[in-house]
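Taking it in order: structure first as structure tokens, then the write-up.
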Amino acid sequence: MKKFYLETFGCQMNVHDSEKVVGTLESRGYEQVETVEAADLVLYNTCSIRDKAEQKVFHRLDQFKRSGKDKLFGVLGCVAQQEGEKIFDKAPHVSLVVGSASYSKLPELLVQLETGSRHVTGLSLDTDETFETPLTRRDNPHRAFITIIEGCDKSCSYCVVPFTRGPERSRASASVIEEAHQLAAAGYSEIQLLGQNVNSYRDPSPEGWDFSRLLEAVGHVPGVRRVRFTTSHPRDFVKEIIDAIDRTGTLCNMVHLPVQSGSTRVLAAMDRQYTRDQYMQRIAWMKNARREIAISTDIIVGFPGETEEDFAQTMSLLDEVEYDSIFSFKYSVRPNTPALALGDHIPEEEKSRRLTVLQEHQRAIQLRRNTKLIGSEQEALVEGFNSSTGQWIGRTSQNRVLNFTAPPREDGIVPERKSVIGRYVPVRVLRAGPNSLAGECRAAL
Ligand code: SAH
Ligand code: SF4
Ligand code: F3S
């Protein structure tokens, strides 16, 4: 049997794409292995969002240039789409280059490889249906991803995604709901709806559902206990989404709403299509929701032309919103993007300084916010057990990590981990750090 190794970089869309690739390969008789050494076919599912991410795959390929002579190498995903056949020049031992819109063609591309073609590519961005999922092999036994929309029609001036993932195409609502039913029946209790911009979801079928309608319907599928969604673009974020969260207990009280900058001037240069005030309006909807909603965001520092004053506005936005978590990045120039023309004149050390200042400030905010939860009771989905601390690892609806202990059972039986993982248990929060909570489950497990 042929063996393949697959390493995944990048966002959750890529993680989910890899699940589809694994399913497809297994259905064709390939077996997944844990090391490059043991594999006949070595695949990298790549990310090109920042230069560093892109370089990773070339480092990996370099590592096995000589030792991998008897193996086939393939580059999948966003670097594949962006660099195309240039990858064969940069890394001549690569035989397969496939972009994310072409995974449905993977079986026929594999046949070409197997029959001896030296260089095989799947780089078309024509909008074939890429939602077919019967071959998906999911890694997490309790949480499952469902892609509801592919691609991106925005044109944020720094971003490669519209080039690497192509134009937006939404999946029919009935197909999403059907997959949610199948997943719930198979024991997945948490569903995460995926798209580069889920808010611009438009049901292509006659029902014509928008995102909030779809979200609420997924929340009503029997057996589904938690629904999350990523990621949202503020411009298309409407109040109906918060109304749906208010009405539907299964919709998690958390929203990831990338802001990128607190300065309206920089937002305009980024072509984000909203102002700081408009962004804050969305935040106000969340702050007025029935349940407290955890808010997270993405921030870029050092965008061309970002002054000290602009950066100060991003810092003040952190205080105004009080995010529960942030993902922050130094601006990285990307090929093909409109911002390429703006240059990259903020020195690397200054970008690093701004990033550190921002992250330290946010750390204090997170500690403050987490500390407020001490004494509260949270429902945790048990995700694992940490043998070195003797604690169960749980996750709250707001997506916080909550480590906890539980009293011994009266009958003296130590529960099998397998039987506890995947359960939802009430945990009292006793301690808080900037990145996690710790507590105690009052009942034995
Ligand atoms: N569709 C999502 C973004 C996906 S990319 C959205 O619109 O929010 C994830 C994050 O990477 C972005 O939110 C942005 O903060 C960051 N990012 C994208 N391009 C970047 C670049 N050229 N340099 C630095 N960070 C970047
Ligand atoms: Fe990139 Fe903007 Fe599209 Fe997000 S919305 S993927 S940042 S172009
Ligand atoms: Fe990276 Fe592509 Fe996702 S560039 S962030 S893997 S969409």
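Each chain of the structure tokens is named A, B, ... in the order shown, its residues numbered from 1; ligands are numbered from 1 in display order.
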
Inset, instruction - Report the residues of region 80-117 of chain A whose backbone DSSP state falls under helix (DSSP H, G or I), written as a PyMOL selection string. - result: chain A and resi 80-83+86-90+100-114

Under the rule of at most 9 Å, produce a per-residue listing of chain A near ligand 1: chain, number, name, the closest pair of atoms, and the distance in Å, as JSON lines, using only C-alpha atoms and all ligand atoms.
```
{"residue": "A:Gly10", "atom": "CA", "partner": "ligand 1", "partner_atom_place_in_ligand_line": "5 (S)", "distance": 9.0}
{"residue": "A:Cys11", "atom": "CA", "partner": "ligand 1", "partner_atom_place_in_ligand_line": "9 (C)", "distance": 7.5}
{"residue": "A:Ser48", "atom": "CA", "partner": "ligand 1", "partner_atom_place_in_ligand_line": "19 (N)", "distance": 8.7}
{"residue": "A:Ile49", "atom": "CA", "partner": "ligand 1", "partner_atom_place_in_ligand_line": "19 (N)", "distance": 5.1}
{"residue": "A:Arg50", "atom": "CA", "partner": "ligand 1", "partner_atom_place_in_ligand_line": "21 (C)", "distance": 5.2}
{"residue": "A:Asp51", "atom": "CA", "partner": "ligand 1", "partner_atom_place_in_ligand_line": "22 (N)", "distance": 7.9}
{"residue": "A:Cys152", "atom": "CA", "partner": "ligand 1", "partner_atom_place_in_ligand_line": "1 (N)", "distance": 7.4}
{"residue": "A:Lys154", "atom": "CA", "partner": "ligand 1", "partner_atom_place_in_ligand_line": "7 (O)", "distance": 8.1}
{"residue": "A:Cys156", "atom": "CA", "partner": "ligand 1", "partner_atom_place_in_ligand_line": "7 (O)", "distance": 7.9}
{"residue": "A:Ser157", "atom": "CA", "partner": "ligand 1", "partner_atom_place_in_ligand_line": "22 (N)", "distance": 8.3}
{"residue": "A:Tyr158", "atom": "CA", "partner": "ligand 1", "partner_atom_place_in_ligand_line": "22 (N)", "distance": 4.5}
{"residue": "A:Cys159", "atom": "CA", "partner": "ligand 1", "partner_atom_place_in_ligand_line": "19 (N)", "distance": 4.3}
{"residue": "A:Val160", "atom": "CA", "partner": "ligand 1", "partner_atom_place_in_ligand_line": "19 (N)", "distance": 6.7}
{"residue": "A:Val161", "atom": "CA", "partner": "ligand 1", "partner_atom_place_in_ligand_line": "5 (S)", "distance": 7.3}
{"residue": "A:Gly195", "atom": "CA", "partner": "ligand 1", "partner_atom_place_in_ligand_line": "1 (N)", "distance": 7.5}
{"residue": "A:Gln196", "atom": "CA", "partner": "ligand 1", "partner_atom_place_in_ligand_line": "1 (N)", "distance": 4.0}
{"residue": "A:Asn197", "atom": "CA", "partner": "ligand 1", "partner_atom_place_in_ligand_line": "1 (N)", "distance": 5.3}
{"residue": "A:Val198", "atom": "CA", "partner": "ligand 1", "partner_atom_place_in_ligand_line": "1 (N)", "distance": 8.7}
{"residue": "A:Thr230", "atom": "CA", "partner": "ligand 1", "partner_atom_place_in_ligand_line": "2 (C)", "distance": 8.2}
{"residue": "A:Thr231", "atom": "CA", "partner": "ligand 1", "partner_atom_place_in_ligand_line": "2 (C)", "distance": 5.7}
{"residue": "A:Ser232", "atom": "CA", "partner": "ligand 1", "partner_atom_place_in_ligand_line": "8 (O)", "distance": 6.0}
{"residue": "A:His233", "atom": "CA", "partner": "ligand 1", "partner_atom_place_in_ligand_line": "7 (O)", "distance": 5.2}
{"residue": "A:Pro234", "atom": "CA", "partner": "ligand 1", "partner_atom_place_in_ligand_line": "8 (O)", "distance": 8.3}
{"residue": "A:His256", "atom": "CA", "partner": "ligand 1", "partner_atom_place_in_ligand_line": "8 (O)", "distance": 8.4}
{"residue": "A:Leu257", "atom": "CA", "partner": "ligand 1", "partner_atom_place_in_ligand_line": "8 (O)", "distance": 6.9}
{"residue": "A:Pro258", "atom": "CA", "partner": "ligand 1", "partner_atom_place_in_ligand_line": "8 (O)", "distance": 4.7}
{"residue": "A:Val259", "atom": "CA", "partner": "ligand 1", "partner_atom_place_in_ligand_line": "8 (O)", "distance": 7.5}
{"residue": "A:Gln260", "atom": "CA", "partner": "ligand 1", "partner_atom_place_in_ligand_line": "15 (O)", "distance": 5.5}
{"residue": "A:Arg272", "atom": "CA", "partner": "ligand 1", "partner_atom_place_in_ligand_line": "7 (O)", "distance": 8.6}
{"residue": "A:Thr297", "atom": "CA", "partner": "ligand 1", "partner_atom_place_in_ligand_line": "13 (O)", "distance": 7.7}
{"residue": "A:Asp298", "atom": "CA", "partner": "ligand 1", "partner_atom_place_in_ligand_line": "15 (O)", "distance": 4.5}
{"residue": "A:Ile299", "atom": "CA", "partner": "ligand 1", "partner_atom_place_in_ligand_line": "15 (O)", "distance": 4.9}
{"residue": "A:Ile300", "atom": "CA", "partner": "ligand 1", "partner_atom_place_in_ligand_line": "15 (O)", "distance": 5.2}
{"residue": "A:Val301", "atom": "CA", "partner": "ligand 1", "partner_atom_place_in_ligand_line": "24 (C)", "distance": 7.8}
{"residue": "A:Gly302", "atom": "CA", "partner": "ligand 1", "partner_atom_place_in_ligand_line": "24 (C)", "distance": 8.8}
{"residue": "A:Phe303", "atom": "CA", "partner": "ligand 1", "partner_atom_place_in_ligand_line": "23 (N)", "distance": 8.0}
{"residue": "A:Phe327", "atom": "CA", "partner": "ligand 1", "partner_atom_place_in_ligand_line": "15 (O)", "distance": 7.2}
{"residue": "A:Ser328", "atom": "CA", "partner": "ligand 1", "partner_atom_place_in_ligand_line": "15 (O)", "distance": 6.5}
{"residue": "A:Phe329", "atom": "CA", "partner": "ligand 1", "partner_atom_place_in_ligand_line": "25 (N)", "distance": 5.1}
{"residue": "A:Lys330", "atom": "CA", "partner": "ligand 1", "partner_atom_place_in_ligand_line": "24 (C)", "distance": 5.3}
{"residue": "A:Tyr331", "atom": "CA", "partner": "ligand 1", "partner_atom_place_in_ligand_line": "23 (N)", "distance": 3.8}
{"residue": "A:Ser332", "atom": "CA", "partner": "ligand 1", "partner_atom_place_in_ligand_line": "23 (N)", "distance": 3.8}
{"residue": "A:Val333", "atom": "CA", "partner": "ligand 1", "partner_atom_place_in_ligand_line": "22 (N)", "distance": 5.4}
{"residue": "A:Arg334", "atom": "CA", "partner": "ligand 1", "partner_atom_place_in_ligand_line": "22 (N)", "distance": 5.5}
{"residue": "A:Thr337", "atom": "CA", "partner": "ligand 1", "partner_atom_place_in_ligand_line": "22 (N)", "distance": 8.4}
{"residue": "A:Ala339", "atom": "CA", "partner": "ligand 1", "partner_atom_place_in_ligand_line": "22 (N)", "distance": 8.6}
```

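Residues of region 82-161 of chain A that DSSP, applied to the backbone, places in strand (DSSP E or B): Val94, Ser95, Leu96, Val97, Val98, Val120, Thr121, Gly122, Arg143, Ala144, Phe145, Ile146, Thr147, Ile149 and Glu150 of chain A.
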
Please, could you write that set of residues out with C-alpha atoms as a PDB file, in the first residue's frame?
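Result went into result33.pdb, see below:
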```pdb
ATOM      1  CA  VAL A  94       8.369  18.593  -6.514  1.00  0.00           C
ATOM      2  CA  SER A  95       6.027  16.710  -8.876  1.00  0.00           C
ATOM      3  CA  LEU A  96       2.584  17.932  -7.840  1.00  0.00           C
ATOM      4  CA  VAL A  97       1.290  21.515  -7.401  1.00  0.00           C
ATOM      5  CA  VAL A  98      -2.401  21.846  -6.513  1.00  0.00           C
ATOM      6  CA  VAL A 120       1.273  17.590 -12.508  1.00  0.00           C
ATOM      7  CA  THR A 121      -0.684  20.768 -11.720  1.00  0.00           C
ATOM      8  CA  GLY A 122      -4.205  21.671 -10.623  1.00  0.00           C
ATOM      9  CA  ARG A 143     -15.690  19.165  16.886  1.00  0.00           C
ATOM     10  CA  ALA A 144     -16.207  19.320  13.138  1.00  0.00           C
ATOM     11  CA  PHE A 145     -15.672  22.015  10.537  1.00  0.00           C
ATOM     12  CA  ILE A 146     -18.176  22.743   7.806  1.00  0.00           C
ATOM     13  CA  THR A 147     -17.141  25.044   4.958  1.00  0.00           C
ATOM     14  CA  ILE A 149     -18.321  29.716   1.697  1.00  0.00           C
ATOM     15  CA  GLU A 150     -15.064  29.533  -0.259  1.00  0.00           C
TER      16      GLU A 150
END
```

Legend entry - Contacts of region 309-318 of chain A at 6 Å (only C-alpha atoms; same-chain gap of 4+ positions) as a ChimeraX atom specification: /A:261-263,322

Legend entry - Nearest to Gly412 (chain A) by atom-to-atom distance, counting only C-alpha atoms, from A:Leu445, A:Leu41, A:Val224, A:Leu437: A:Leu445

Legend entry - Spatial neighbours of Tyr279 (chain A), 9 Å, only C-alpha atoms, chain gap at least 4 places, as a PyMOL selection string: chain A and resi 234-235+259+274-275+283-284
